[in-house]
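The structure appears right after this line, and notes come after that.
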Amino acid sequence: MSNVTYHSEVVDLPSKGKFYPTGHPLASGQVELKYLTAKEEDILTSTNLIQKGVVLDKLMDSIILTKGVTHEDLLLGDLNAVMVASRILGYGKDYPLTVTCPKCNTTTEHNVDLSQLETKDVPENDLTVKLPVSGKTIKVRLLTRKIEKDIQKELDSLKKIGTSVEPEATTRLRYLIAEVDGSTDTKVIRETVENMLVRDTKTLREFYRSVTPDVKFEAPFICSSCNEETTLPISIGLNFFWPDARV
């Protein structure tokens, strides 16, 4: 085996490691990342990987150095933080955007400092919420990239079967619910989801978003023409690593 030494950085995760099992490598709240090299540029430009939709997954696995960790282990918010960190390590903190002012329609070039992106605070509660209508107490699980893939795989399978109604809403709710009134029984969870009133589903989704550690993909912007202050949304895609974005 080659004893190659990589330049690397240890990156703090938005979750602070709180939601990983005891003893898990990510429970430390940090992950070690390799600086991007020409090998990673090969991944980013691979037509085959792009067409399969796995190019960013392959990129993450190529740069994660923490032993026993792949991109699938990371909570989605932590994975976003790894994406941002890898972009900074590879191409620097400046992310150029072409911005059109929503007020005066003036188009300007603007650099976002990725190192200044904020993260959401880690919740102090135990991830439980009481639904306003049914009164049921729901404990949610924070989704990892692996769980997200499992959801998509199930939805794709149902689409192939040709169901009259694609159950995306109920499928996603089933995966993010860990317990219903203390029960982890899958039948109980399924029946709860299928009979959950819309007011309860709204409350559950809002609660999930509020407790999910993540990067805030937004940056302040002041138009140089009219001084309009606004917030720029920042998306992650291939152009995040090969910048040519338009807002």
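Identifiers in this document derive from the order of the structure tokens: chains are assigned A, B, ..., residues are numbered from 1 separately in each chain, and ligands are numbered from 1 in order of occurrence.
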
Contacts of range 176-184 of chain A at 12 Å (only C-alpha atoms; same-chain gap of 4+ positions) as a VMD selection string = chain A and resid 126 to 131 134 to 144 147 to 148 150 to 151 169 to 172 188 to 193 196 201 204 to 205 207 to 209 212

Restricting the output to C-alpha atoms, write the selected residues as a short mmCIF file (atom, residue, chain, number, x, y, z; two decimals), in the first residue's frame.
data_model
loop_
_atom_site.label_atom_id
_atom_site.label_comp_id
_atom_site.auth_asym_id
_atom_site.auth_seq_id
_atom_site.Cartn_x
_atom_site.Cartn_y
_atom_site.Cartn_z
CA ASP A 126 -34.69 15.11 23.05
CA LEU A 127 -36.25 15.56 19.61
CA THR A 128 -39.83 15.02 20.76
CA VAL A 129 -42.90 17.06 19.94
CA LYS A 130 -46.55 16.79 20.98
CA LEU A 131 -48.92 17.08 18.03
CA SER A 134 -54.03 14.05 18.00
CA GLY A 135 -52.06 14.80 21.16
CA LYS A 136 -49.57 12.08 20.23
CA THR A 137 -45.96 12.53 21.29
CA ILE A 138 -43.62 12.01 18.35
CA LYS A 139 -39.89 11.46 18.54
CA VAL A 140 -38.11 12.24 15.28
CA ARG A 141 -34.86 10.87 13.90
CA LEU A 142 -32.44 13.12 12.06
CA LEU A 143 -31.89 11.80 8.56
CA THR A 144 -28.49 10.69 7.29
CA ILE A 147 -31.64 7.17 5.07
CA GLU A 148 -32.25 9.78 2.38
CA ASP A 150 -33.39 4.60 1.26
CA ILE A 151 -36.35 6.98 0.98
CA ALA A 169 -45.39 12.70 1.83
CA THR A 170 -46.30 9.63 3.90
CA THR A 171 -43.10 7.79 2.96
CA ARG A 172 -40.90 10.64 4.15
CA VAL A 188 -47.89 1.83 14.76
CA ILE A 189 -45.76 4.42 12.95
CA ARG A 190 -47.30 3.59 9.56
CA GLU A 191 -50.87 3.77 10.87
CA THR A 192 -50.12 7.04 12.65
CA VAL A 193 -48.71 8.60 9.50
CA MET A 196 -52.30 12.03 10.60
CA THR A 201 -48.10 16.96 9.68
CA LEU A 204 -44.19 17.82 12.66
CA ARG A 205 -42.37 19.13 9.58
CA PHE A 207 -40.49 20.93 14.29
CA TYR A 208 -38.13 18.71 12.30
CA ARG A 209 -36.72 21.69 10.42
CA THR A 212 -32.07 19.85 12.37
#

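Every protein, DNA or RNA residue with an atom at most 10 Å from Pro25 in chain A, where only C-alpha atoms count and chain neighbours fewer than 3 positions away do not, is listed here: Gly17, Tyr20, Pro21, Thr22, Ser28, Gly29, Gln30, Val31, Thr66, Lys67, Gly68, Val69 and Asp73 of chain A.
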
I need the residues from that last selection saved to file as a PDB file, in the first residue's frame (with N, CA, C and O atoms), if you can.
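Below is the file that was written, again-v3.pdb:
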ATOM      1  N   GLY A  17     -21.793  16.378  16.915  1.00  0.00           N
ATOM      2  CA  GLY A  17     -21.691  14.944  17.194  1.00  0.00           C
ATOM      3  C   GLY A  17     -22.773  14.410  18.097  1.00  0.00           C
ATOM      4  O   GLY A  17     -22.780  13.223  18.441  1.00  0.00           O
ATOM      5  N   TYR A  20     -25.106  11.128  17.007  1.00  0.00           N
ATOM      6  CA  TYR A  20     -24.506   9.871  16.565  1.00  0.00           C
ATOM      7  C   TYR A  20     -24.401   8.921  17.755  1.00  0.00           C
ATOM      8  O   TYR A  20     -24.315   9.358  18.915  1.00  0.00           O
ATOM      9  N   PRO A  21     -24.414   7.614  17.495  1.00  0.00           N
ATOM     10  CA  PRO A  21     -24.323   6.651  18.599  1.00  0.00           C
ATOM     11  C   PRO A  21     -23.026   6.814  19.382  1.00  0.00           C
ATOM     12  O   PRO A  21     -21.994   7.237  18.833  1.00  0.00           O
ATOM     13  N   THR A  22     -23.063   6.461  20.653  1.00  0.00           N
ATOM     14  CA  THR A  22     -21.863   6.486  21.484  1.00  0.00           C
ATOM     15  C   THR A  22     -20.791   5.600  20.868  1.00  0.00           C
ATOM     16  O   THR A  22     -21.061   4.464  20.484  1.00  0.00           O
ATOM     17  N   SER A  28     -17.559  12.647  18.019  1.00  0.00           N
ATOM     18  CA  SER A  28     -16.624  13.677  18.480  1.00  0.00           C
ATOM     19  C   SER A  28     -17.051  15.070  18.027  1.00  0.00           C
ATOM     20  O   SER A  28     -16.571  16.082  18.539  1.00  0.00           O
ATOM     21  N   GLY A  29     -17.954  15.113  17.018  1.00  0.00           N
ATOM     22  CA  GLY A  29     -18.390  16.402  16.492  1.00  0.00           C
ATOM     23  C   GLY A  29     -17.453  16.968  15.448  1.00  0.00           C
ATOM     24  O   GLY A  29     -17.593  18.122  15.039  1.00  0.00           O
ATOM     25  N   GLN A  30     -16.496  16.145  15.003  1.00  0.00           N
ATOM     26  CA  GLN A  30     -15.526  16.598  14.000  1.00  0.00           C
ATOM     27  C   GLN A  30     -15.286  15.513  12.959  1.00  0.00           C
ATOM     28  O   GLN A  30     -15.537  14.326  13.198  1.00  0.00           O
ATOM     29  N   VAL A  31     -14.804  15.930  11.800  1.00  0.00           N
ATOM     30  CA  VAL A  31     -14.430  14.999  10.748  1.00  0.00           C
ATOM     31  C   VAL A  31     -13.170  15.537  10.066  1.00  0.00           C
ATOM     32  O   VAL A  31     -13.002  16.757   9.924  1.00  0.00           O
ATOM     33  N   THR A  66     -11.503  10.481   8.084  1.00  0.00           N
ATOM     34  CA  THR A  66     -11.835   9.875   9.370  1.00  0.00           C
ATOM     35  C   THR A  66     -12.144   8.398   9.176  1.00  0.00           C
ATOM     36  O   THR A  66     -13.030   8.035   8.383  1.00  0.00           O
ATOM     37  N   LYS A  67     -11.428   7.554   9.866  1.00  0.00           N
ATOM     38  CA  LYS A  67     -11.551   6.111   9.691  1.00  0.00           C
ATOM     39  C   LYS A  67     -12.959   5.629  10.028  1.00  0.00           C
ATOM     40  O   LYS A  67     -13.539   6.000  11.038  1.00  0.00           O
ATOM     41  N   GLY A  68     -13.501   4.778   9.157  1.00  0.00           N
ATOM     42  CA  GLY A  68     -14.804   4.185   9.399  1.00  0.00           C
ATOM     43  C   GLY A  68     -15.978   5.060   9.032  1.00  0.00           C
ATOM     44  O   GLY A  68     -17.124   4.728   9.351  1.00  0.00           O
ATOM     45  N   VAL A  69     -15.734   6.177   8.338  1.00  0.00           N
ATOM     46  CA  VAL A  69     -16.806   7.112   7.991  1.00  0.00           C
ATOM     47  C   VAL A  69     -16.920   7.250   6.479  1.00  0.00           C
ATOM     48  O   VAL A  69     -15.915   7.418   5.784  1.00  0.00           O
ATOM     49  N   ASP A  73     -22.857   8.025   6.342  1.00  0.00           N
ATOM     50  CA  ASP A  73     -22.969   8.097   7.802  1.00  0.00           C
ATOM     51  C   ASP A  73     -23.369   9.482   8.285  1.00  0.00           C
ATOM     52  O   ASP A  73     -23.902   9.624   9.402  1.00  0.00           O
TER      53      ASP A  73
END

Check the smallest atom-to-atom distance from each of A:Leu232, A:Val122, A:Leu65, A:Leu117 to Ala81 in chain A using only C-alpha atoms, then report the winner.
-> A:Leu117

How would you write, as a ChimeraX atom specification, the set of residues in range 24-164 of chain A that DSSP gives as strand (DSSP E or B)?
-> /A:30-34,64,75,94-100,107-113,119,128-130,137-140,144

Distance query Thr106 in chain A at most 12 Å, only C-alpha atoms, self and fewer than 5 positions along chain excluded, as a ChimeraX atom specification | /A:98-101,222-228,247

Give me a file of those residues, with all heavy atoms, as a PDB file, in the first residue's frame.
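Output saved as selection_27.pdb:
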ATOM      1  N   THR A  98     -23.443  35.689  -9.814  1.00  0.00           N
ATOM      2  CA  THR A  98     -24.002  36.757 -10.625  1.00  0.00           C
ATOM      3  C   THR A  98     -25.395  37.032 -10.094  1.00  0.00           C
ATOM      4  O   THR A  98     -26.273  36.173 -10.156  1.00  0.00           O
ATOM      5  CB  THR A  98     -24.066  36.353 -12.111  1.00  0.00           C
ATOM      6  OG1 THR A  98     -22.749  36.049 -12.569  1.00  0.00           O
ATOM      7  CG2 THR A  98     -24.644  37.489 -12.944  1.00  0.00           C
ATOM      8  N   VAL A  99     -25.579  38.230  -9.529  1.00  0.00           N
ATOM      9  CA  VAL A  99     -26.810  38.536  -8.788  1.00  0.00           C
ATOM     10  C   VAL A  99     -27.623  39.597  -9.520  1.00  0.00           C
ATOM     11  O   VAL A  99     -27.090  40.618  -9.961  1.00  0.00           O
ATOM     12  CB  VAL A  99     -26.465  39.045  -7.367  1.00  0.00           C
ATOM     13  CG1 VAL A  99     -27.737  39.284  -6.577  1.00  0.00           C
ATOM     14  CG2 VAL A  99     -25.552  38.059  -6.659  1.00  0.00           C
ATOM     15  N   THR A 100     -28.927  39.333  -9.631  1.00  0.00           N
ATOM     16  CA  THR A 100     -29.852  40.333 -10.162  1.00  0.00           C
ATOM     17  C   THR A 100     -30.666  40.908  -9.017  1.00  0.00           C
ATOM     18  O   THR A 100     -31.372  40.173  -8.313  1.00  0.00           O
ATOM     19  CB  THR A 100     -30.799  39.712 -11.214  1.00  0.00           C
ATOM     20  OG1 THR A 100     -30.027  39.197 -12.294  1.00  0.00           O
ATOM     21  CG2 THR A 100     -31.778  40.754 -11.743  1.00  0.00           C
ATOM     22  N   CYS A 101     -30.561  42.205  -8.817  1.00  0.00           N
ATOM     23  CA  CYS A 101     -31.267  42.860  -7.713  1.00  0.00           C
ATOM     24  C   CYS A 101     -32.780  42.702  -7.890  1.00  0.00           C
ATOM     25  O   CYS A 101     -33.316  43.012  -8.966  1.00  0.00           O
ATOM     26  CB  CYS A 101     -30.897  44.342  -7.655  1.00  0.00           C
ATOM     27  SG  CYS A 101     -31.824  45.262  -6.395  1.00  0.00           S
ATOM     28  N   ILE A 222     -26.061  43.784  -0.617  1.00  0.00           N
ATOM     29  CA  ILE A 222     -26.536  45.154  -0.774  1.00  0.00           C
ATOM     30  C   ILE A 222     -26.276  45.580  -2.214  1.00  0.00           C
ATOM     31  O   ILE A 222     -25.127  45.550  -2.684  1.00  0.00           O
ATOM     32  CB  ILE A 222     -25.835  46.122   0.194  1.00  0.00           C
ATOM     33  CG1 ILE A 222     -26.069  45.692   1.647  1.00  0.00           C
ATOM     34  CG2 ILE A 222     -26.331  47.550  -0.025  1.00  0.00           C
ATOM     35  CD1 ILE A 222     -25.338  46.543   2.667  1.00  0.00           C
ATOM     36  N   CYS A 223     -27.324  45.939  -2.921  1.00  0.00           N
ATOM     37  CA  CYS A 223     -27.196  46.347  -4.323  1.00  0.00           C
ATOM     38  C   CYS A 223     -26.413  47.654  -4.414  1.00  0.00           C
ATOM     39  O   CYS A 223     -26.729  48.630  -3.725  1.00  0.00           O
ATOM     40  CB  CYS A 223     -28.584  46.510  -4.945  1.00  0.00           C
ATOM     41  SG  CYS A 223     -28.536  47.061  -6.671  1.00  0.00           S
ATOM     42  N   SER A 224     -25.419  47.671  -5.275  1.00  0.00           N
ATOM     43  CA  SER A 224     -24.577  48.864  -5.432  1.00  0.00           C
ATOM     44  C   SER A 224     -25.299  49.982  -6.176  1.00  0.00           C
ATOM     45  O   SER A 224     -24.878  51.137  -6.135  1.00  0.00           O
ATOM     46  CB  SER A 224     -23.291  48.506  -6.177  1.00  0.00           C
ATOM     47  OG  SER A 224     -23.595  47.945  -7.448  1.00  0.00           O
ATOM     48  N   SER A 225     -26.413  49.641  -6.837  1.00  0.00           N
ATOM     49  CA  SER A 225     -27.144  50.650  -7.607  1.00  0.00           C
ATOM     50  C   SER A 225     -28.244  51.331  -6.799  1.00  0.00           C
ATOM     51  O   SER A 225     -28.403  52.555  -6.855  1.00  0.00           O
ATOM     52  CB  SER A 225     -27.754  50.014  -8.862  1.00  0.00           C
ATOM     53  OG  SER A 225     -26.739  49.553  -9.730  1.00  0.00           O
ATOM     54  N   CYS A 226     -29.005  50.534  -6.039  1.00  0.00           N
ATOM     55  CA  CYS A 226     -30.143  51.127  -5.331  1.00  0.00           C
ATOM     56  C   CYS A 226     -30.074  50.934  -3.821  1.00  0.00           C
ATOM     57  O   CYS A 226     -30.987  51.359  -3.104  1.00  0.00           O
ATOM     58  CB  CYS A 226     -31.453  50.544  -5.859  1.00  0.00           C
ATOM     59  SG  CYS A 226     -31.684  48.790  -5.465  1.00  0.00           S
ATOM     60  N   ASN A 227     -29.011  50.296  -3.340  1.00  0.00           N
ATOM     61  CA  ASN A 227     -28.805  50.037  -1.906  1.00  0.00           C
ATOM     62  C   ASN A 227     -29.854  49.120  -1.273  1.00  0.00           C
ATOM     63  O   ASN A 227     -30.019  49.110  -0.053  1.00  0.00           O
ATOM     64  CB  ASN A 227     -28.752  51.360  -1.130  1.00  0.00           C
ATOM     65  CG  ASN A 227     -27.513  52.175  -1.466  1.00  0.00           C
ATOM     66  OD1 ASN A 227     -26.428  51.625  -1.641  1.00  0.00           O
ATOM     67  ND2 ASN A 227     -27.681  53.486  -1.574  1.00  0.00           N
ATOM     68  N   GLU A 228     -30.561  48.379  -2.114  1.00  0.00           N
ATOM     69  CA  GLU A 228     -31.529  47.415  -1.593  1.00  0.00           C
ATOM     70  C   GLU A 228     -30.776  46.301  -0.850  1.00  0.00           C
ATOM     71  O   GLU A 228     -29.814  45.723  -1.370  1.00  0.00           O
ATOM     72  CB  GLU A 228     -32.335  46.801  -2.745  1.00  0.00           C
ATOM     73  CG  GLU A 228     -33.250  45.670  -2.361  1.00  0.00           C
ATOM     74  CD  GLU A 228     -34.487  46.121  -1.606  1.00  0.00           C
ATOM     75  OE1 GLU A 228     -34.661  47.349  -1.400  1.00  0.00           O
ATOM     76  OE2 GLU A 228     -35.301  45.248  -1.231  1.00  0.00           O
ATOM     77  N   VAL A 247     -28.035  34.037  -9.787  1.00  0.00           N
ATOM     78  CA  VAL A 247     -29.148  34.171  -8.843  1.00  0.00           C
ATOM     79  C   VAL A 247     -30.142  35.177  -9.415  1.00  0.00           C
ATOM     80  O   VAL A 247     -29.718  36.235  -9.871  1.00  0.00           O
ATOM     81  CB  VAL A 247     -28.637  34.652  -7.469  1.00  0.00           C
ATOM     82  CG1 VAL A 247     -29.818  34.888  -6.528  1.00  0.00           C
ATOM     83  CG2 VAL A 247     -27.714  33.631  -6.859  1.00  0.00           C
TER      84      VAL A 247
END

Quick one: pick out all helix (DSSP H, G or I) residues within range 3-244 of chain A from a backbone DSSP run and write them as a VMD selection string.
-> chain A and resid 25 to 28 38 to 44 47 to 52 55 to 63 71 to 73 76 to 91 114 to 116 145 to 161 168 to 176 186 to 194 198 to 211 238 to 241

Requested write-out: C-alpha atoms of the selected residues, as a CSV table (one decimal), in the first residue's frame:
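Generated output (part35.csv):
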chain,number,residue,atom,x,y,z
A,25,PRO,CA,-16.3,8.2,14.9
A,26,LEU,CA,-18.5,11.3,14.3
A,27,ALA,CA,-19.7,11.5,17.9
A,28,SER,CA,-16.6,13.7,18.5
A,38,ALA,CA,-6.4,16.5,-9.2
A,39,LYS,CA,-7.9,13.1,-8.4
A,40,GLU,CA,-11.0,14.9,-7.0
A,41,GLU,CA,-11.2,17.1,-10.2
A,42,ASP,CA,-11.4,13.8,-12.1
A,43,ILE,CA,-14.4,12.9,-10.0
A,44,LEU,CA,-16.1,16.2,-10.5
A,47,THR,CA,-19.6,12.3,-17.1
A,48,ASN,CA,-20.5,8.9,-15.9
A,49,LEU,CA,-20.7,9.9,-12.3
A,50,ILE,CA,-22.7,13.1,-13.2
A,51,GLN,CA,-25.2,11.1,-15.2
A,52,LYS,CA,-25.7,8.6,-12.4
A,55,VAL,CA,-20.7,12.6,-8.3
A,56,LEU,CA,-20.9,14.6,-5.0
A,57,ASP,CA,-21.2,11.3,-3.0
A,58,LYS,CA,-18.1,10.0,-4.6
A,59,LEU,CA,-16.3,13.3,-4.0
A,60,MET,CA,-17.2,13.2,-0.3
A,61,ASP,CA,-15.9,9.6,0.1
A,62,SER,CA,-12.7,10.6,-1.6
A,63,ILE,CA,-11.9,13.4,0.8
A,71,HIS,CA,-20.8,10.1,3.2
A,72,GLU,CA,-23.7,7.9,4.1
A,73,ASP,CA,-23.0,8.1,7.8
A,76,LEU,CA,-27.7,15.7,6.1
A,77,GLY,CA,-26.8,19.0,7.8
A,78,ASP,CA,-23.3,17.7,8.6
A,79,LEU,CA,-22.9,16.6,5.1
A,80,ASN,CA,-23.7,20.1,3.9
A,81,ALA,CA,-21.0,21.4,6.2
A,82,VAL,CA,-18.5,19.0,4.8
A,83,MET,CA,-19.5,20.2,1.3
A,84,VAL,CA,-18.8,23.8,2.2
A,85,ALA,CA,-15.5,22.9,3.9
A,86,SER,CA,-14.3,20.9,1.0
A,87,ARG,CA,-15.2,23.8,-1.4
A,88,ILE,CA,-13.1,26.1,0.8
A,89,LEU,CA,-10.2,23.7,1.0
A,90,GLY,CA,-10.3,23.1,-2.7
A,91,TYR,CA,-11.0,26.5,-4.3
A,114,LEU,CA,-18.2,30.8,2.5
A,115,SER,CA,-16.2,30.9,5.7
A,116,GLN,CA,-18.8,33.3,7.1
A,145,ARG,CA,-27.5,10.5,3.7
A,146,LYS,CA,-28.1,6.7,3.9
A,147,ILE,CA,-31.6,7.2,5.1
A,148,GLU,CA,-32.3,9.8,2.4
A,149,LYS,CA,-31.1,7.3,-0.2
A,150,ASP,CA,-33.4,4.6,1.3
A,151,ILE,CA,-36.3,7.0,1.0
A,152,GLN,CA,-35.6,7.7,-2.7
A,153,LYS,CA,-35.1,4.0,-3.4
A,154,GLU,CA,-38.5,3.2,-2.0
A,155,LEU,CA,-40.2,6.0,-3.9
A,156,ASP,CA,-38.5,4.9,-7.1
A,157,SER,CA,-39.7,1.3,-6.6
A,158,LEU,CA,-43.3,2.5,-6.0
A,159,LYS,CA,-43.1,4.6,-9.2
A,160,LYS,CA,-42.1,1.6,-11.2
A,161,ILE,CA,-45.1,-0.3,-9.8
A,168,GLU,CA,-44.0,10.8,-1.1
A,169,ALA,CA,-45.4,12.7,1.8
A,170,THR,CA,-46.3,9.6,3.9
A,171,THR,CA,-43.1,7.8,3.0
A,172,ARG,CA,-40.9,10.6,4.1
A,173,LEU,CA,-42.9,11.0,7.4
A,174,ARG,CA,-42.5,7.3,8.1
A,175,TYR,CA,-38.7,7.6,7.9
A,176,LEU,CA,-38.4,10.6,10.1
A,186,THR,CA,-43.3,0.1,12.4
A,187,LYS,CA,-47.0,-0.8,12.2
A,188,VAL,CA,-47.9,1.8,14.8
A,189,ILE,CA,-45.8,4.4,12.9
A,190,ARG,CA,-47.3,3.6,9.6
A,191,GLU,CA,-50.9,3.8,10.9
A,192,THR,CA,-50.1,7.0,12.7
A,193,VAL,CA,-48.7,8.6,9.5
A,194,GLU,CA,-51.5,7.4,7.2
A,198,VAL,CA,-52.7,18.0,8.0
A,199,ARG,CA,-52.4,20.3,11.0
A,200,ASP,CA,-50.3,17.7,12.7
A,201,THR,CA,-48.1,17.0,9.7
A,202,LYS,CA,-47.4,20.7,9.4
A,203,THR,CA,-46.4,20.9,13.0
A,204,LEU,CA,-44.2,17.8,12.7
A,205,ARG,CA,-42.4,19.1,9.6
A,206,GLU,CA,-41.8,22.5,11.1
A,207,PHE,CA,-40.5,20.9,14.3
A,208,TYR,CA,-38.1,18.7,12.3
A,209,ARG,CA,-36.7,21.7,10.4
A,210,SER,CA,-36.3,23.6,13.7
A,211,VAL,CA,-34.2,20.9,15.4
A,238,LEU,CA,-21.7,21.0,-9.4
A,239,ASN,CA,-21.3,24.7,-10.0
A,240,PHE,CA,-20.6,25.0,-6.3
A,241,PHE,CA,-17.2,23.4,-7.1

Determine, counting only C-alpha atoms, which protein, DNA and RNA residues have an atom within 10 Å of an atom of Glu118 in chain A; residues of the same chain fewer than 6 positions away are not included. Present the result as a list in words.
->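 The contact residues come out as Pro14, Asp214, Val215, Lys216, Phe217, Glu218 and Ala219 of chain A.
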
Restricting it to N, CA, C and O atoms, dump the selection as a short mmCIF file (atom, residue, chain, number, x, y, z; two decimals), in the first residue's frame.
data_model
loop_
_atom_site.label_atom_id
_atom_site.label_comp_id
_atom_site.auth_asym_id
_atom_site.auth_seq_id
_atom_site.Cartn_x
_atom_site.Cartn_y
_atom_site.Cartn_z
N PRO A 14 -22.00 20.80 12.37
CA PRO A 14 -23.11 21.54 13.00
C PRO A 14 -23.78 20.77 14.13
O PRO A 14 -24.24 21.37 15.11
N ASP A 214 -27.66 22.35 10.78
CA ASP A 214 -27.37 22.53 9.36
C ASP A 214 -26.58 23.82 9.15
O ASP A 214 -26.38 24.60 10.08
N VAL A 215 -26.17 24.01 7.92
CA VAL A 215 -25.55 25.26 7.50
C VAL A 215 -26.65 26.18 6.99
O VAL A 215 -27.60 25.74 6.33
N LYS A 216 -26.56 27.45 7.30
CA LYS A 216 -27.51 28.42 6.76
C LYS A 216 -26.99 28.88 5.40
O LYS A 216 -26.04 29.67 5.32
N PHE A 217 -27.62 28.37 4.35
CA PHE A 217 -27.14 28.68 3.00
C PHE A 217 -27.74 29.99 2.51
O PHE A 217 -28.59 30.03 1.62
N GLU A 218 -27.26 31.05 3.11
CA GLU A 218 -27.70 32.39 2.75
C GLU A 218 -26.62 33.39 3.11
O GLU A 218 -25.83 33.16 4.02
N ALA A 219 -26.60 34.47 2.36
CA ALA A 219 -25.59 35.51 2.60
C ALA A 219 -26.20 36.88 2.34
O ALA A 219 -27.05 37.03 1.45
#

Two-atom distance - CA of Val11 in chain A, CA of Pro123 in chain A (Å) =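 Spanning CA of Val11 in chain A to CA of Pro123 in chain A is a straight-line distance of 19.9 Å.
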
In Å, how far is it from CA of Thr108 in chain A to CA of Ile234 in chain A?
->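 Spanning CA of Thr108 in chain A to CA of Ile234 in chain A is a straight-line distance of 15.9 Å.
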